[in-house]
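Below: one structure, written as structure tokens.
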Amino acid sequence: MSDEVRKEAFPIASPSEVPSANARGMVGLLAWLRCASTEQRRALVAACLGWMLDSMDIMLYAMVLAHLMRDLQMSASTAGWLGSLTLLSSAVGGVLFGLLADRVGRTKALMASILIYSVFTAACGLAQTITQLALFRVLLGLGMGGEWATGAALVSETWPPEHRGKALGIVQSSWAVGYALAAAITALILPRYGWRAVFFVGVLPALLTFWIRRSVEEPALWKTAHQERARSARSAPGIAELFRRPFVRHTFTTTLMNTSSMFAWWGLFTWIPAYLTLPPEHGGAGLSILQTSTWVILMQVGMWLGYVTFGFISDGVGRRPTYLAYFLIAAALVPIYGSARHPILLLLLGPIVAFFGTGYFSGFGAITAELFPTRIRATAQGFTYNFGRGVSALAPFAVGHYAEAHGLGVAFSLTTIAFLIAAAFALALPETKGRALE
């Protein structure tokens with residue numbers, strides 16, 4: 001090939017047109033996102049914002065927990081039980097909204113879930129007794145559980161197989177942003193206006209529903225499945241189908257893995273803010289409110305990176321090996337973190353624990369979407385995820401109860417065991433990387 005032909009076929013940019021290595025790397029990493037359609041981007045934004053604000057609302061409780069315990073005269077066991085009630089109701093909400101999303105659509109169910117958790121988060125600020133607070137937390141949990149099932153189905157069905165893990169990793173990473181936002185809101189509002197005002201901020205996510213209604217379309221996959229079911233006069237999908245062949249094995253494997261890993265997460269991260277705040281004589285690290293908020297916000301950096309990285313790794317090497325790596329490393333890190341007391345050591349360990357101790361959540365939506373067909377996808381995601389979250393409702397109570405005798409640092413060992421159990425179930429997963437949705 002002559003030099004002239006070579007230059008015409010493969011034009012060489014001038015030095016000023018050649019991007020730097022860092023710029024080329026960033027463009028390569030984001031190329032999949034830049035090439036997405038408007039429908040895909042809007043679905044991704046809707047799910048991200050819904051999950052971020054869900055996280056913010058639910059974590060406001062964890063951030064003000066020490067103050068609630070003082071003002072409402074709650075013991076650690078009672079505080080943990082309130083957290084468990086929220087998770088139990090979220091399990092019910094996830095199943096109900098999964099069924100609803102398969103029947104009426106992903107976006108309608110998503111809007112309803114956001115409205116519910118927003119209104120009842122604000123209502124927590126009106127609680128005068130522990131009973132009232134418990135009621136509002138239960139109602140909040142219904143919406144919280146529904147948001148994940150509907151948002152995960154929405155994104156799974158609008159993104160192609162080669163980018164599904166990354167897209168759902170971005171969605172899951174918004175949980176870390178919401179957690180950090182909760183910490184920032186607490187630092188700004190709690191010292192001046194008290195914990196009630198912190199909860200009042202939680203009503204703001206309701207505004208998101210107006211944009212979703214106007215801008216986000218139902219996935220074509222769901223529309224097609226819905227139309228085919230209507231033409232064939234088939235009955236609406238139900239939970240019972242998850243326990244029939246060929247899905248029953250997948251249902252049990254994913255549900256038990258999710259249950260174990262979420263027990264570990266809720267047992268650990270519900271109590272970390274209180275662990276950092278409580279004085280050493282009560283088993284904590286004795287940090288100030290400002291320090292605790294700052295340390296928690298910095299942990300979210302590691303959490304966010306863990307979520308996003310899981311999506312990229314699982315799209316590259318597979319779902320199963322990525323799960324195993326995250327679970328096993330998290331199991332090794334938790335005892336080290338639980339024995340740490342020096343503020344600098346906690347600051348350094350926190351983002352690493354958050355990276356491996358939360359990043360695996362990014363895989364839940366992808367692997368469930370790839371194992372179940374469109375007609376029962378949201379039902380499967382709602383059940384397998386939220387049944388696990390319901391059982392994991394025991395975690396805040398178990399850790400809080402164990403901490404009364406041994407301190408929170410020692411009580412965190414319960415989460416180490418749960419991470420190891422989750423790794424065992426991950427071994428039983430089929431590999432679904434790159435699988436097209438049915």
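Chain labels run A, B, ... following the order of the structure tokens; each chain numbers its residues from 1, and ligands are numbered from 1 in the order shown.
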Quick one: residues within 9 Å of range 334-351 of chain A, only C-alpha atoms counted, chain neighbours fewer than 5 positions away excluded, as a PyMOL selection string? chain A and resi 268+276+280+284-287+291+295-296+298-303+329+356-357+408-413+415-416
Can you tell me, as a list in words, what residues are no more than 7 Å from range 137-149 of chain A when counting only C-alpha atoms, ignoring any on the same chain fewer than 3 positions away? Gly50, Trp51, Asp54, Leu85, Thr86, Leu87, Ser89, Ser90, Ala91, Val92, Gly93, Gly94, Phe97, Gly98, Leu110, Ser113, Ile114, Ile116, Tyr117, Phe120, Thr121, Leu133, Ala134, Ala152, Ala153, Ala378, Gln381, Gly382 and Asn386 of chain A
Sorted per-residue table, range 128-205 of chain A near range 307-328 of chain A, closest atoms and distance, 7 Å, only C-alpha atoms, as a tab-separated table:
residue	atom	partner	partner_atom	distance
A:Glu162	CA	A:Asp315	CA	6.6
A:Gly165	CA	A:Gly311	CA	4.5
A:Lys166	CA	A:Gly311	CA	4.2
A:Leu168	CA	A:Gly311	CA	6.9
A:Gly169	CA	A:Gly311	CA	4.6
A:Ile170	CA	A:Val308	CA	5.6
A:Gln172	CA	A:Tyr307	CA	6.0
A:Ser173	CA	A:Tyr307	CA	4.9
Go through A:Val119, A:Ala331, A:Ala436, A:Ala220 one by one, measure the shortest atom-to-atom distance of each to Pro160 in chain A using only C-alpha atoms, and give the residue with the smallest value.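 Once distances to Pro160 in chain A are computed over only C-alpha atoms, the minimum belongs to A:Ala436.
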Which parts of range 324-430 of chain A does DSSP call alpha helix (DSSP H) when run on the backbone here, written out as JSON, numbers by chain? {"A": [324, 325, 326, 327, 328, 329, 330, 331, 332, 333, 334, 335, 336, 337, 338, 339, 343, 344, 345, 346, 347, 348, 349, 350, 351, 352, 353, 354, 355, 356, 357, 358, 362, 363, 364, 365, 366, 367, 368, 369, 370, 371, 377, 378, 379, 380, 381, 382, 383, 384, 385, 386, 387, 388, 389, 390, 391, 394, 395, 396, 397, 398, 399, 400, 401, 402, 403, 404, 405, 406, 408, 409, 410, 411, 413, 414, 415, 416, 417, 418, 419, 420, 421, 422, 423, 424, 425, 426]}
How close does range 192-281 of chain A get to range 367-376 of chain A? List, as a tab-separated table, each residue of range 192-281 of chain A within 12 Å, its nearest atom pair and the distance in Å to one decimal, counting only C-alpha atoms.
residue	atom	partner	partner_atom	distance
A:Pro219	CA	A:Thr374	CA	10.4
A:Ala220	CA	A:Thr374	CA	10.5
A:Leu221	CA	A:Thr374	CA	6.9
A:Trp222	CA	A:Thr374	CA	6.5
A:Lys223	CA	A:Thr374	CA	9.8
A:Thr224	CA	A:Thr374	CA	9.3
A:Ala225	CA	A:Arg375	CA	6.1
A:His226	CA	A:Arg375	CA	7.6
A:Gln227	CA	A:Arg375	CA	10.7
A:Glu228	CA	A:Arg375	CA	9.8
A:Arg229	CA	A:Arg375	CA	8.5
A:Ala230	CA	A:Arg375	CA	11.7
A:Arg234	CA	A:Arg375	CA	10.9
A:Ser235	CA	A:Arg375	CA	10.8
A:Ala236	CA	A:Arg375	CA	8.6
A:Pro237	CA	A:Ile376	CA	5.9
A:Gly238	CA	A:Ile376	CA	7.3
A:Ile239	CA	A:Ile376	CA	8.2
A:Ala240	CA	A:Ile376	CA	10.3
A:Glu241	CA	A:Ile376	CA	8.0
A:Leu242	CA	A:Ile376	CA	8.0
A:Phe243	CA	A:Ile376	CA	11.7
A:Arg244	CA	A:Phe372	CA	11.9
A:Arg245	CA	A:Phe372	CA	11.4
A:Pro246	CA	A:Phe372	CA	9.5
A:Phe247	CA	A:Phe372	CA	7.3
A:Val248	CA	A:Phe372	CA	10.5
A:Arg249	CA	A:Leu371	CA	10.3
A:His250	CA	A:Leu371	CA	7.0
A:Thr251	CA	A:Thr368	CA	8.8
A:Phe252	CA	A:Thr368	CA	11.6
A:Thr253	CA	A:Thr368	CA	10.5
A:Thr254	CA	A:Thr368	CA	7.5
A:Thr255	CA	A:Thr368	CA	9.8
A:Met257	CA	A:Thr368	CA	11.7
A:Asn258	CA	A:Thr368	CA	10.8
The selected residues should be written to file as a PDB file, in the first residue's frame (atoms: C-alpha atoms).
ATOM      1  CA  PRO A 219     -39.266  -0.714  27.622  1.00  0.00           C
ATOM      2  CA  ALA A 220     -40.154  -2.246  24.249  1.00  0.00           C
ATOM      3  CA  LEU A 221     -39.519  -5.721  25.703  1.00  0.00           C
ATOM      4  CA  TRP A 222     -42.207  -5.225  28.335  1.00  0.00           C
ATOM      5  CA  LYS A 223     -44.663  -3.727  25.830  1.00  0.00           C
ATOM      6  CA  THR A 224     -44.248  -6.726  23.536  1.00  0.00           C
ATOM      7  CA  ALA A 225     -44.640  -9.251  26.340  1.00  0.00           C
ATOM      8  CA  HIS A 226     -47.670  -7.384  27.687  1.00  0.00           C
ATOM      9  CA  GLN A 227     -49.340  -7.297  24.259  1.00  0.00           C
ATOM     10  CA  GLU A 228     -48.655 -10.988  23.614  1.00  0.00           C
ATOM     11  CA  ARG A 229     -50.124 -11.935  26.967  1.00  0.00           C
ATOM     12  CA  ALA A 230     -53.232  -9.864  26.226  1.00  0.00           C
ATOM     13  CA  ARG A 234     -52.890 -15.813  29.392  1.00  0.00           C
ATOM     14  CA  SER A 235     -53.165 -15.170  33.096  1.00  0.00           C
ATOM     15  CA  ALA A 236     -51.007 -12.483  34.627  1.00  0.00           C
ATOM     16  CA  PRO A 237     -47.564 -13.613  35.854  1.00  0.00           C
ATOM     17  CA  GLY A 238     -47.253 -14.696  39.452  1.00  0.00           C
ATOM     18  CA  ILE A 239     -44.728 -15.747  42.049  1.00  0.00           C
ATOM     19  CA  ALA A 240     -45.651 -19.431  41.700  1.00  0.00           C
ATOM     20  CA  GLU A 241     -43.932 -19.579  38.299  1.00  0.00           C
ATOM     21  CA  LEU A 242     -40.590 -18.836  39.963  1.00  0.00           C
ATOM     22  CA  PHE A 243     -40.819 -22.200  41.721  1.00  0.00           C
ATOM     23  CA  ARG A 244     -41.483 -24.264  38.634  1.00  0.00           C
ATOM     24  CA  ARG A 245     -38.999 -25.707  36.216  1.00  0.00           C
ATOM     25  CA  PRO A 246     -36.760 -24.444  34.717  1.00  0.00           C
ATOM     26  CA  PHE A 247     -36.602 -21.482  37.137  1.00  0.00           C
ATOM     27  CA  VAL A 248     -36.797 -23.045  40.596  1.00  0.00           C
ATOM     28  CA  ARG A 249     -33.053 -23.687  40.963  1.00  0.00           C
ATOM     29  CA  HIS A 250     -32.198 -20.158  39.857  1.00  0.00           C
ATOM     30  CA  THR A 251     -34.767 -18.775  42.280  1.00  0.00           C
ATOM     31  CA  PHE A 252     -33.291 -20.570  45.271  1.00  0.00           C
ATOM     32  CA  THR A 253     -29.647 -19.877  44.391  1.00  0.00           C
ATOM     33  CA  THR A 254     -30.027 -16.157  43.772  1.00  0.00           C
ATOM     34  CA  THR A 255     -32.384 -15.681  46.724  1.00  0.00           C
ATOM     35  CA  MET A 257     -27.005 -15.557  47.931  1.00  0.00           C
ATOM     36  CA  ASN A 258     -28.831 -12.239  48.133  1.00  0.00           C
TER      37      ASN A 258
END
So which one's closest to His67 in chain A, A:Arg164, A:Arg214, A:Arg196, A:Arg34? Using only C-alpha atoms, please.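 Comparing A:Arg164, A:Arg214, A:Arg196, A:Arg34 against His67 in chain A, the winner is A:Arg196.
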State, in Å with one decimal place, the distance from CA of Ala393 in chain A to CA of Ala62 in chain A. 14.1 Å
